[in-house]
file input.cif (mmCIF, C-alpha atoms)
data_start
#
loop_
_atom_site.label_atom_id
_atom_site.label_comp_id
_atom_site.auth_asym_id
_atom_site.auth_seq_id
_atom_site.Cartn_x
_atom_site.Cartn_y
_atom_site.Cartn_z
CA MET A 1 -10.08 -21.24 -3.44
CA ALA A 2 -8.12 -18.13 -4.46
CA ARG A 3 -4.33 -17.91 -4.53
CA ILE A 4 -2.13 -14.88 -3.98
CA VAL A 5 -0.04 -15.01 -7.14
CA ALA A 6 1.84 -11.69 -6.93
CA ALA A 7 2.59 -9.09 -4.28
CA PHE A 8 4.53 -5.85 -4.10
CA ALA A 9 4.77 -2.64 -2.09
CA ALA A 10 5.70 0.80 -3.38
CA SER A 11 5.68 4.41 -2.33
CA HIS A 12 2.88 6.61 -3.64
CA ALA A 13 3.99 10.25 -3.83
CA PRO A 14 1.67 12.22 -6.12
CA MET A 15 4.67 13.86 -7.79
CA GLN A 16 5.72 10.54 -9.30
CA LEU A 17 2.98 11.24 -11.83
CA ALA A 18 2.34 14.97 -11.53
CA ALA A 19 5.99 16.11 -11.53
CA ALA A 20 8.13 13.11 -12.50
CA ASP A 21 10.77 15.32 -14.15
CA SER A 22 11.39 17.19 -10.90
CA ALA A 23 13.47 14.27 -9.58
CA PRO A 24 17.19 14.82 -10.24
CA GLY A 25 19.32 12.58 -12.40
CA ASP A 26 18.07 9.06 -12.92
CA GLN A 27 16.20 8.77 -9.63
CA ALA A 28 12.74 8.90 -11.18
CA LYS A 29 13.79 6.49 -13.93
CA ARG A 30 15.07 3.89 -11.46
CA PHE A 31 12.00 4.09 -9.23
CA LEU A 32 9.46 4.11 -12.04
CA GLU A 33 11.18 1.24 -13.86
CA ALA A 34 11.10 -0.87 -10.69
CA LEU A 35 7.42 -0.02 -10.21
CA GLY A 36 6.72 -0.89 -13.84
CA ASP A 37 8.52 -4.22 -13.48
CA ALA A 38 6.47 -5.10 -10.38
CA ALA A 39 3.26 -4.18 -12.18
CA ARG A 40 4.27 -6.25 -15.20
CA ARG A 41 4.81 -9.31 -13.01
CA VAL A 42 1.30 -8.91 -11.59
CA ARG A 43 -0.08 -9.07 -15.11
CA GLU A 44 2.18 -11.98 -16.07
CA ALA A 45 0.94 -13.90 -13.02
CA GLY A 46 -2.57 -13.69 -14.41
CA ALA A 47 -4.09 -11.80 -11.48
CA GLN A 48 -7.85 -11.45 -11.96
CA ALA A 49 -8.10 -8.73 -9.30
CA VAL A 50 -5.84 -6.65 -7.08
CA VAL A 51 -6.37 -5.94 -3.39
CA MET A 52 -4.59 -2.70 -2.53
CA LEU A 53 -3.79 -1.45 0.98
CA SER A 54 -3.32 2.31 1.26
CA ASN A 55 -3.63 5.22 3.67
CA GLU A 56 -6.82 7.24 3.82
CA HIS A 57 -5.78 10.89 3.19
CA PHE A 58 -9.01 12.58 4.40
CA THR A 59 -10.53 11.92 0.98
CA ASN A 60 -13.45 9.74 2.09
CA PHE A 61 -13.41 10.21 5.87
CA PHE A 62 -12.74 13.02 8.32
CA LEU A 63 -12.46 13.35 12.08
CA GLU A 64 -16.16 12.90 12.77
CA ASN A 65 -15.88 9.34 11.42
CA PHE A 66 -12.45 7.87 10.72
CA PRO A 67 -12.31 4.07 10.62
CA GLN A 68 -9.11 2.14 11.22
CA CYS A 69 -9.84 0.12 8.07
CA CYS A 70 -12.40 0.27 5.29
CA VAL A 71 -12.96 -2.30 2.55
CA GLY A 72 -14.36 -0.95 -0.72
CA LEU A 73 -17.24 -3.22 -1.71
CA ALA A 74 -18.48 -1.50 -4.86
CA ASP A 75 -18.38 -2.84 -8.40
CA ARG A 76 -17.22 0.65 -9.43
CA HIS A 77 -15.06 3.22 -7.67
CA THR A 78 -14.17 6.74 -8.83
CA GLY A 79 -10.78 8.40 -9.15
CA PRO A 80 -8.46 10.08 -9.04
CA ALA A 81 -9.77 12.54 -6.46
CA GLU A 82 -7.05 15.09 -7.30
CA PRO A 83 -7.88 16.95 -10.53
CA TRP A 84 -4.22 17.78 -11.11
CA LEU A 85 -3.05 14.17 -11.36
CA PRO A 86 -2.39 13.36 -15.05
CA ILE A 87 -4.91 10.50 -15.06
CA PRO A 88 -8.39 10.97 -16.53
CA ARG A 89 -11.00 10.91 -13.78
CA GLY A 90 -13.48 8.12 -14.25
CA LYS A 91 -14.82 4.81 -13.05
CA ILE A 92 -12.43 2.20 -11.69
CA PRO A 93 -13.69 -1.39 -11.82
CA GLY A 94 -14.17 -3.02 -8.46
CA HIS A 95 -14.76 -6.67 -7.64
CA GLY A 96 -17.83 -6.85 -5.41
CA PRO A 97 -17.84 -10.63 -4.82
CA LEU A 98 -14.16 -10.68 -3.80
CA ALA A 99 -14.56 -7.57 -1.64
CA ARG A 100 -17.58 -8.99 0.19
CA SER A 101 -15.79 -12.28 0.70
CA LEU A 102 -12.84 -10.41 2.24
CA ALA A 103 -15.09 -8.31 4.48
CA ASP A 104 -16.97 -11.41 5.63
CA GLY A 105 -13.77 -13.36 6.18
CA LEU A 106 -12.13 -10.58 8.18
CA LEU A 107 -15.26 -10.18 10.30
CA GLY A 108 -15.37 -13.90 10.94
CA ASP A 109 -11.72 -13.71 12.00
CA GLY A 110 -12.52 -11.04 14.57
CA TRP A 111 -11.56 -7.91 12.60
CA MET A 112 -14.31 -5.29 12.80
CA THR A 113 -13.56 -3.53 9.54
CA SER A 114 -15.68 -0.78 8.09
CA PHE A 115 -16.96 -1.01 4.52
CA SER A 116 -18.18 1.34 1.83
CA GLU A 117 -20.09 1.09 -1.42
CA ARG A 118 -18.75 4.48 -2.52
CA LEU A 119 -15.06 5.37 -2.40
CA ASP A 120 -13.23 8.14 -4.21
CA LEU A 121 -9.65 7.03 -4.78
CA ASP A 122 -6.82 9.52 -4.43
CA HIS A 123 -3.11 9.36 -5.30
CA GLY A 124 -2.55 6.83 -2.53
CA VAL A 125 -4.24 4.20 -4.66
CA MET A 126 -4.25 5.69 -8.14
CA THR A 127 -0.50 6.17 -8.61
CA LEU A 128 0.07 2.43 -8.23
CA TYR A 129 -3.18 1.35 -9.87
CA HIS A 130 -2.27 3.40 -12.95
CA ALA A 131 1.02 1.50 -13.17
CA LEU A 132 -0.85 -1.80 -12.87
CA ALA A 133 -3.67 -0.99 -15.28
CA PRO A 134 -3.14 2.17 -17.36
CA ASP A 135 -6.31 1.31 -19.27
CA GLY A 136 -8.29 0.90 -16.03
CA ASP A 137 -9.25 -2.69 -16.76
CA LEU A 138 -8.04 -4.62 -13.67
CA PRO A 139 -10.68 -5.07 -10.94
CA LEU A 140 -9.59 -3.39 -7.72
CA VAL A 141 -10.56 -3.93 -4.10
CA PRO A 142 -9.24 -0.97 -2.06
CA VAL A 143 -8.51 -1.51 1.62
CA LEU A 144 -8.11 1.95 3.15
CA GLN A 145 -6.15 2.20 6.39
CA ASN A 146 -5.79 4.79 9.12
CA CYS A 147 -2.12 5.74 8.86
CA ALA A 148 -2.71 9.38 9.73
CA VAL A 149 -4.90 10.06 12.77
CA ALA A 150 -4.20 9.03 16.37
CA PRO A 151 -5.15 6.66 17.79
CA MET A 152 -3.90 4.30 15.09
CA MET A 153 -3.95 0.53 15.15
CA PRO A 154 -0.49 -0.59 16.41
CA LEU A 155 2.06 -1.95 13.97
CA PRO A 156 1.87 -5.59 15.21
CA ALA A 157 -1.90 -5.51 14.76
CA TRP A 158 -1.48 -4.57 11.10
CA TYR A 159 0.90 -7.49 10.60
CA ASP A 160 -1.71 -9.80 12.15
CA PHE A 161 -4.40 -8.15 10.02
CA GLY A 162 -2.35 -9.13 6.96
CA ARG A 163 -2.39 -12.75 8.06
CA ALA A 164 -6.17 -12.59 8.40
CA LEU A 165 -6.46 -10.89 5.01
CA ALA A 166 -4.51 -13.71 3.41
CA ARG A 167 -6.83 -16.28 4.96
CA ALA A 168 -9.82 -14.34 3.66
CA VAL A 169 -8.32 -14.26 0.16
CA GLU A 170 -7.55 -17.96 0.23
CA ASN A 171 -11.11 -18.80 1.34
CA CYS A 172 -12.66 -16.81 -1.49
CA THR A 173 -14.28 -18.74 -4.33
CA ALA A 174 -15.18 -15.70 -6.46
CA VAL A 175 -11.76 -15.58 -8.15
CA ASP A 176 -8.77 -17.87 -8.59
CA ARG A 177 -5.77 -15.52 -8.78
CA VAL A 178 -5.30 -12.37 -6.68
CA ALA A 179 -2.51 -9.80 -6.39
CA LEU A 180 -1.82 -7.92 -3.16
CA VAL A 181 -0.31 -4.44 -3.27
CA ALA A 182 0.74 -2.11 -0.46
CA ALA A 183 0.97 1.61 -1.23
CA GLY A 184 2.69 4.29 0.83
CA GLY A 185 5.75 5.40 2.77
CA LEU A 186 8.57 5.49 3.35
CA SER A 187 9.93 8.39 5.42
CA HIS A 188 8.38 11.79 4.75
CA TRP A 189 6.86 14.78 6.47
CA ILE A 190 3.65 16.44 5.26
CA GLY A 191 2.22 19.80 6.30
CA VAL A 192 4.94 20.60 8.84
CA ASP A 193 8.22 22.53 8.88
CA ARG A 194 10.21 19.45 7.90
CA THR A 195 8.26 18.84 4.69
CA GLY A 196 10.80 17.75 2.09
CA ASP A 197 13.10 16.01 4.58
CA ILE A 198 13.82 12.29 4.16
CA ASP A 199 15.28 9.95 6.78
CA GLU A 200 17.49 7.72 4.63
CA GLU A 201 18.88 5.91 7.66
CA PHE A 202 15.41 4.82 8.76
CA ASP A 203 14.37 3.83 5.24
CA ARG A 204 17.43 1.64 4.69
CA TRP A 205 17.06 0.14 8.18
CA PHE A 206 13.42 -0.74 7.47
CA LEU A 207 14.12 -2.16 4.00
CA ASP A 208 17.00 -4.25 5.34
CA ARG A 209 14.78 -5.86 7.95
CA LEU A 210 12.02 -6.37 5.40
CA ARG A 211 14.47 -8.08 3.04
CA ARG A 212 15.79 -10.35 5.80
CA GLY A 213 12.36 -11.17 7.18
CA ALA A 214 13.49 -9.76 10.54
CA LEU A 215 10.63 -7.45 11.40
CA ASP A 216 10.55 -7.83 15.20
CA GLU A 217 12.41 -4.54 15.73
CA VAL A 218 10.06 -2.74 13.33
CA LEU A 219 6.94 -4.18 14.93
CA SER A 220 8.15 -3.08 18.36
CA LEU A 221 8.23 0.60 17.34
CA THR A 222 5.78 2.89 19.07
CA ASP A 223 3.99 5.54 17.01
CA SER A 224 6.11 8.29 18.58
CA GLU A 225 9.28 6.41 17.65
CA LEU A 226 8.07 5.80 14.11
CA GLU A 227 7.15 9.46 13.71
CA GLN A 228 10.82 10.37 14.10
CA ALA A 229 10.95 9.36 10.41
CA GLY A 230 8.06 11.68 9.57
CA ASN A 231 4.32 11.81 10.04
CA GLY A 232 4.06 10.08 6.65
CA ALA A 233 6.19 7.15 7.86
CA HIS A 234 3.07 5.73 9.51
CA GLU A 235 2.22 4.43 6.03
CA ILE A 236 4.60 1.52 6.54
CA ARG A 237 1.49 -0.04 8.07
CA SER A 238 0.54 -1.02 4.52
CA TRP A 239 3.90 -2.73 3.99
CA LEU A 240 3.65 -4.57 7.31
CA ALA A 241 0.16 -5.82 6.52
CA LEU A 242 1.46 -7.19 3.22
CA ALA A 243 4.42 -8.78 5.00
CA GLY A 244 1.95 -10.51 7.31
CA ALA A 245 -0.14 -11.69 4.38
CA VAL A 246 2.64 -13.16 2.25
CA ASP A 247 5.23 -15.40 3.87
CA ALA A 248 7.72 -15.39 1.01
CA PRO A 249 11.14 -14.00 0.06
CA VAL A 250 11.31 -10.25 -0.51
CA THR A 251 13.42 -8.37 -3.04
CA VAL A 252 13.90 -4.63 -2.67
CA THR A 253 14.15 -3.47 -6.27
CA ALA A 254 14.47 0.30 -5.75
CA TYR A 255 15.18 2.89 -3.11
CA GLU A 256 15.54 6.55 -4.03
CA PRO A 257 15.45 9.44 -1.52
CA ILE A 258 13.71 11.91 -3.83
CA HIS A 259 13.52 15.26 -2.06
CA ALA A 260 11.59 16.84 -4.93
CA TRP A 261 8.87 14.26 -4.24
CA VAL A 262 9.28 14.80 -0.44
CA THR A 263 9.47 11.04 0.09
CA GLY A 264 11.81 8.11 0.46
CA MET A 265 10.64 6.17 -2.59
CA ALA A 266 10.95 2.38 -2.59
CA VAL A 267 9.66 -0.73 -4.34
CA ALA A 268 9.77 -4.25 -2.92
CA GLU A 269 8.45 -7.48 -4.37
CA TRP A 270 7.35 -10.65 -2.60
CA HIS A 271 7.66 -13.99 -4.43
CA PRO A 272 4.76 -16.24 -3.36
CA ALA A 273 4.78 -18.30 -6.57
CA THR A 274 8.24 -19.66 -5.83
CA HIS A 275 7.85 -20.09 -2.11
CA GLY A 276 4.22 -20.76 -1.24
CA GLY A 277 1.89 -18.42 0.63
CA ARG A 278 0.98 -18.28 4.27
CA THR A 279 -2.00 -20.35 5.38
#

call {"tool": "encode", "arguments": {"input": "input.cif", "output": "structure tokens"}}
result
Amino acid sequence: MARIVAAFAASHAPMQLAAADSAPGDQAKRFLEALGDAARRVREAGAQAVVMLSNEHFTNFFLENFPQCCVGLADRHTGPAEPWLPIPRGKIPGHGPLARSLADGLLGDGWMTSFSERLDLDHGVMTLYHALAPDGDLPLVPVLQNCAVAPMMPLPAWYDFGRALARAVENCTAVDRVALVAAGGLSHWIGVDRTGDIDEEFDRWFLDRLRRGALDEVLSLTDSELEQAGNGAHEIRSWLALAGAVDAPVTVTAYEPIHAWVTGMAVAEWHPATHGGRT
């Protein structure tokens, strides 16, 4: 039976790689160091594979077919999709047995997830995966979410999905040690007049409740209320799924409102090894 041995969430703005120096002062340094520390702890925990939750940015799906959730089943993925990201495009190792076990487990738990044998991974996954495995040697199971197109699965459902995902991980016999990563958020606006704005008040409110394990107020938000923090704020669905999956203390290790990256950039780590995971 597999164990979740490490877990973290982090923002995934493409500029954190493509234009890191555009952030003023030490903002980039603080965020990237916190991300690097979280990635290092995944490696120190001996994770044999990483399951990463991230928004689908119209890279693999469009409006004629846009699933709420898609599990990448392939033994190889491709990425990054954006040619301007400073990461060589190539093959990213998947973990077919783990991915199929997760898809089967979620289906058996009542979650009708989509699946794909061919995913092209964009910055939503690749910015964090590059921090985890700069040599591209850690098997990855991407779990792409609809955090962009109405109707979206409600926030409480994503928290419950995380609980089911944890059960599916723990019932898997294909690996022993798994890391969970959530990629996206926090507040930001994309493709609208407010692009570049950041809602620091919302970000700090959300991170405070995450830290205290007091997510009821967050889970009660409607999509229209959440969108007051930007159309990109819907990506906290990834964080909430991870919070559902890992019942453990949370440490927020960085928060930087980086306007040059048009995003409230944060890193948070869960500590399942010291607390025990959810069953």

call {"tool": "resolve_selection", "arguments": {"input": "input.cif", "expression": "the PyMOL selection byres ((chain A and resi 30) around 12)", "output": "JSON, numbers by chain"}}
result
{"A": [16, 20, 23, 24, 25, 26, 27, 28, 29, 31, 32, 33, 34, 35, 36, 37, 253, 254, 255, 256, 257, 258, 265, 266, 267]}

call {"tool": "closest_residue", "arguments": {"input": "input.cif", "among": "A:Met112, A:Ala133, A:Met15, A:Ala148", "to": "Phe61 of chain A", "atoms": "all atoms listed in the file"}}
result
A:Ala148

call {"tool": "closest_atom_pairs", "arguments": {"input": "input.cif", "of": "segment 40-144 of chain A", "to": "segment 224-237 of chain A", "cutoff": "9 Å", "atoms": "all atoms listed in the file", "output": "Markdown table"}}
result
| residue | atom | partner | partner_atom | distance |
| --- | --- | --- | --- | --- |
| A:Leu53 | CA | A:Arg237 | CA | 9.0 |
| A:Ser54 | CA | A:Glu235 | CA | 7.6 |
| A:Asn55 | CA | A:Glu235 | CA | 6.4 |

call {"tool": "resolve_selection", "arguments": {"input": "input.cif", "expression": "the PyMOL selection byres ((chain A and resi 124) around 6)", "output": "VMD selection string"}}
result
chain A and resid 12 54 122 to 123 125 to 126

call {"tool": "atom_distance", "arguments": {"input": "input.cif", "atom1": "atom CA of Phe58 of chain A", "atom2": "atom CA of Gly105 of chain A"}}
result
26.4 Å

call {"tool": "atom_distance", "arguments": {"input": "input.cif", "atom1": "atom CA of Ile190 of chain A", "atom2": "atom CA of Phe202 of chain A"}}
result
16.9 Å

call {"tool": "residues_around", "arguments": {"input": "input.cif", "residues": "Gln145 of chain A", "least_positions_apart": "3", "cutoff": "10 Å", "atoms": "all atoms listed in the file", "output": "VMD selection string"}}
result
chain A and resid 53 to 57 66 to 71 113 142 148 152 to 153 158 235 237 to 238

call {"tool": "residues_around", "arguments": {"input": "input.cif", "residues": "Leu132 of chain A", "least_positions_apart": "4", "cutoff": "8 Å", "atoms": "all atoms listed in the file", "output": "ChimeraX atom specification"}}
result
/A:36,39-40,42-43,128,138

call {"tool": "residues_near_point", "arguments": {"input": "input.cif", "point": "(-10.7, 6.3, -2.7)", "cutoff": "8 Å", "atoms": "all atoms listed in the file", "output": "PyMOL selection string"}}
result
chain A and resi 56+59-60+77-81+119-122+125+142+144

call {"tool": "atom_distance", "arguments": {"input": "input.cif", "atom1": "atom CA of Gly110 of chain A", "atom2": "atom CA of Leu155 of chain A"}}
result
17.2 Å

call {"tool": "closest_residue", "arguments": {"input": "input.cif", "among": "A:Leu73, A:Leu240, A:Val252, A:Val192", "to": "Arg204 of chain A", "atoms": "only C-alpha atoms"}}
result
A:Val252

call {"tool": "closest_residue", "arguments": {"input": "input.cif", "among": "A:Leu102, A:Ala150, A:Arg167, A:Ala243", "to": "Leu219 of chain A", "atoms": "all atoms listed in the file"}}
result
A:Ala243

call {"tool": "closest_residue", "arguments": {"input": "input.cif", "among": "A:Glu170, A:Asp21, A:Asp216, A:Asp203", "to": "Leu186 of chain A", "atoms": "all atoms listed in the file"}}
result
A:Asp203

call {"tool": "resolve_selection", "arguments": {"input": "input.cif", "expression": "the PyMOL selection byres ((chain A and resi 1) around 10)", "output": "list in words"}}
result
Ala2, Arg3, Ala168, Val169, Glu170, Asn171, Cys172, Thr173, Ala174, Val175, Asp176 and Arg177 of chain A

call {"tool": "residues_near_point", "arguments": {"input": "input.cif", "point": "(0.3, -16.9, -9.4)", "cutoff": "10 Å", "atoms": "only C-alpha atoms", "output": "list in words"}}
result
Ala2, Arg3, Ile4, Val5, Ala6, Ala7, Arg41, Val42, Arg43, Glu44, Ala45, Gly46, Ala47, Asp176, Arg177, Val178, Ala179, His271, Pro272, Ala273, Thr274 and Gly276 of chain A

call {"tool": "residues_around", "arguments": {"input": "input.cif", "residues": "Val218 of chain A", "least_positions_apart": "3", "cutoff": "8 Å", "atoms": "only C-alpha atoms", "output": "PyMOL selection string"}}
result
chain A and resi 206+209+215+221

call {"tool": "closest_residue", "arguments": {"input": "input.cif", "among": "A:Thr251, A:Pro14, A:Pro156, A:Arg118", "to": "Thr222 of chain A", "atoms": "all atoms listed in the file"}}
result
A:Pro156

call {"tool": "build_atoms", "arguments": {"input": "input.cif", "residues": "segment 141-160 of chain A", "atoms": "N, CA, C and O atoms", "output": "mmCIF file, in the coordinates of the input"}}
result
data_model
loop_
_atom_site.group_PDB
_atom_site.id
_atom_site.type_symbol
_atom_site.label_atom_id
_atom_site.label_comp_id
_atom_site.auth_asym_id
_atom_site.auth_seq_id
_atom_site.Cartn_x
_atom_site.Cartn_y
_atom_site.Cartn_z
ATOM 1 N N VAL A 141 -9.922 -3.994 -5.412
ATOM 2 C CA VAL A 141 -10.560 -3.930 -4.100
ATOM 3 C C VAL A 141 -9.668 -3.061 -3.210
ATOM 4 O O VAL A 141 -8.596 -3.506 -2.783
ATOM 5 N N PRO A 142 -10.049 -1.809 -2.945
ATOM 6 C CA PRO A 142 -9.240 -0.970 -2.060
ATOM 7 C C PRO A 142 -9.502 -1.298 -0.597
ATOM 8 O O PRO A 142 -10.648 -1.528 -0.190
ATOM 9 N N VAL A 143 -8.430 -1.343 0.165
ATOM 10 C CA VAL A 143 -8.510 -1.510 1.620
ATOM 11 C C VAL A 143 -7.831 -0.278 2.214
ATOM 12 O O VAL A 143 -6.600 -0.192 2.246
ATOM 13 N N LEU A 144 -8.635 0.695 2.626
ATOM 14 C CA LEU A 144 -8.110 1.950 3.150
ATOM 15 C C LEU A 144 -7.799 1.809 4.629
ATOM 16 O O LEU A 144 -8.590 1.258 5.393
ATOM 17 N N GLN A 145 -6.647 2.343 5.025
ATOM 18 C CA GLN A 145 -6.150 2.200 6.390
ATOM 19 C C GLN A 145 -6.020 3.570 7.051
ATOM 20 O O GLN A 145 -5.764 4.573 6.383
ATOM 21 N N ASN A 146 -6.116 3.589 8.358
ATOM 22 C CA ASN A 146 -5.790 4.790 9.120
ATOM 23 C C ASN A 146 -4.298 4.784 9.411
ATOM 24 O O ASN A 146 -3.833 4.107 10.325
ATOM 25 N N CYS A 147 -3.555 5.553 8.633
ATOM 26 C CA CYS A 147 -2.120 5.740 8.860
ATOM 27 C C CYS A 147 -1.842 7.211 9.137
ATOM 28 O O CYS A 147 -0.738 7.706 8.859
ATOM 29 N N ALA A 148 -2.837 7.930 9.648
ATOM 30 C CA ALA A 148 -2.710 9.380 9.730
ATOM 31 C C ALA A 148 -3.210 9.989 11.025
ATOM 32 O O ALA A 148 -2.733 11.047 11.415
ATOM 33 N N VAL A 149 -4.203 9.384 11.679
ATOM 34 C CA VAL A 149 -4.900 10.060 12.770
ATOM 35 C C VAL A 149 -4.818 9.203 14.034
ATOM 36 O O VAL A 149 -5.296 8.067 14.056
ATOM 37 N N ALA A 150 -4.230 9.746 15.091
ATOM 38 C CA ALA A 150 -4.200 9.030 16.370
ATOM 39 C C ALA A 150 -5.607 9.017 16.980
ATOM 40 O O ALA A 150 -6.347 9.996 16.860
ATOM 41 N N PRO A 151 -5.961 7.867 17.606
ATOM 42 C CA PRO A 151 -5.150 6.660 17.790
ATOM 43 C C PRO A 151 -5.187 5.759 16.556
ATOM 44 O O PRO A 151 -6.231 5.592 15.931
ATOM 45 N N MET A 152 -4.026 5.221 16.221
ATOM 46 C CA MET A 152 -3.900 4.300 15.090
ATOM 47 C C MET A 152 -3.713 2.876 15.602
ATOM 48 O O MET A 152 -3.149 2.656 16.672
ATOM 49 N N MET A 153 -4.148 1.925 14.804
ATOM 50 C CA MET A 153 -3.950 0.530 15.150
ATOM 51 C C MET A 153 -2.434 0.264 15.219
ATOM 52 O O MET A 153 -1.699 0.674 14.313
ATOM 53 N N PRO A 154 -1.934 -0.386 16.269
ATOM 54 C CA PRO A 154 -0.490 -0.590 16.410
ATOM 55 C C PRO A 154 0.095 -1.420 15.271
ATOM 56 O O PRO A 154 -0.600 -2.190 14.608
ATOM 57 N N LEU A 155 1.388 -1.257 15.070
ATOM 58 C CA LEU A 155 2.060 -1.950 13.970
ATOM 59 C C LEU A 155 1.885 -3.464 14.033
ATOM 60 O O LEU A 155 1.590 -4.091 12.995
ATOM 61 N N PRO A 156 2.060 -4.126 15.194
ATOM 62 C CA PRO A 156 1.870 -5.590 15.210
ATOM 63 C C PRO A 156 0.469 -6.007 14.809
ATOM 64 O O PRO A 156 0.271 -7.072 14.214
ATOM 65 N N ALA A 157 -0.525 -5.167 15.135
ATOM 66 C CA ALA A 157 -1.900 -5.510 14.760
ATOM 67 C C ALA A 157 -2.057 -5.505 13.251
ATOM 68 O O ALA A 157 -2.788 -6.337 12.693
ATOM 69 N N TRP A 158 -1.379 -4.578 12.557
ATOM 70 C CA TRP A 158 -1.480 -4.570 11.100
ATOM 71 C C TRP A 158 -0.813 -5.794 10.488
ATOM 72 O O TRP A 158 -1.279 -6.334 9.476
ATOM 73 N N TYR A 159 0.267 -6.254 11.081
ATOM 74 C CA TYR A 159 0.900 -7.490 10.600
ATOM 75 C C TYR A 159 -0.075 -8.659 10.770
ATOM 76 O O TYR A 159 -0.257 -9.470 9.848
ATOM 77 N N ASP A 160 -0.731 -8.729 11.924
ATOM 78 C CA ASP A 160 -1.710 -9.800 12.150
ATOM 79 C C ASP A 160 -2.921 -9.641 11.228
ATOM 80 O O ASP A 160 -3.501 -10.634 10.770
#
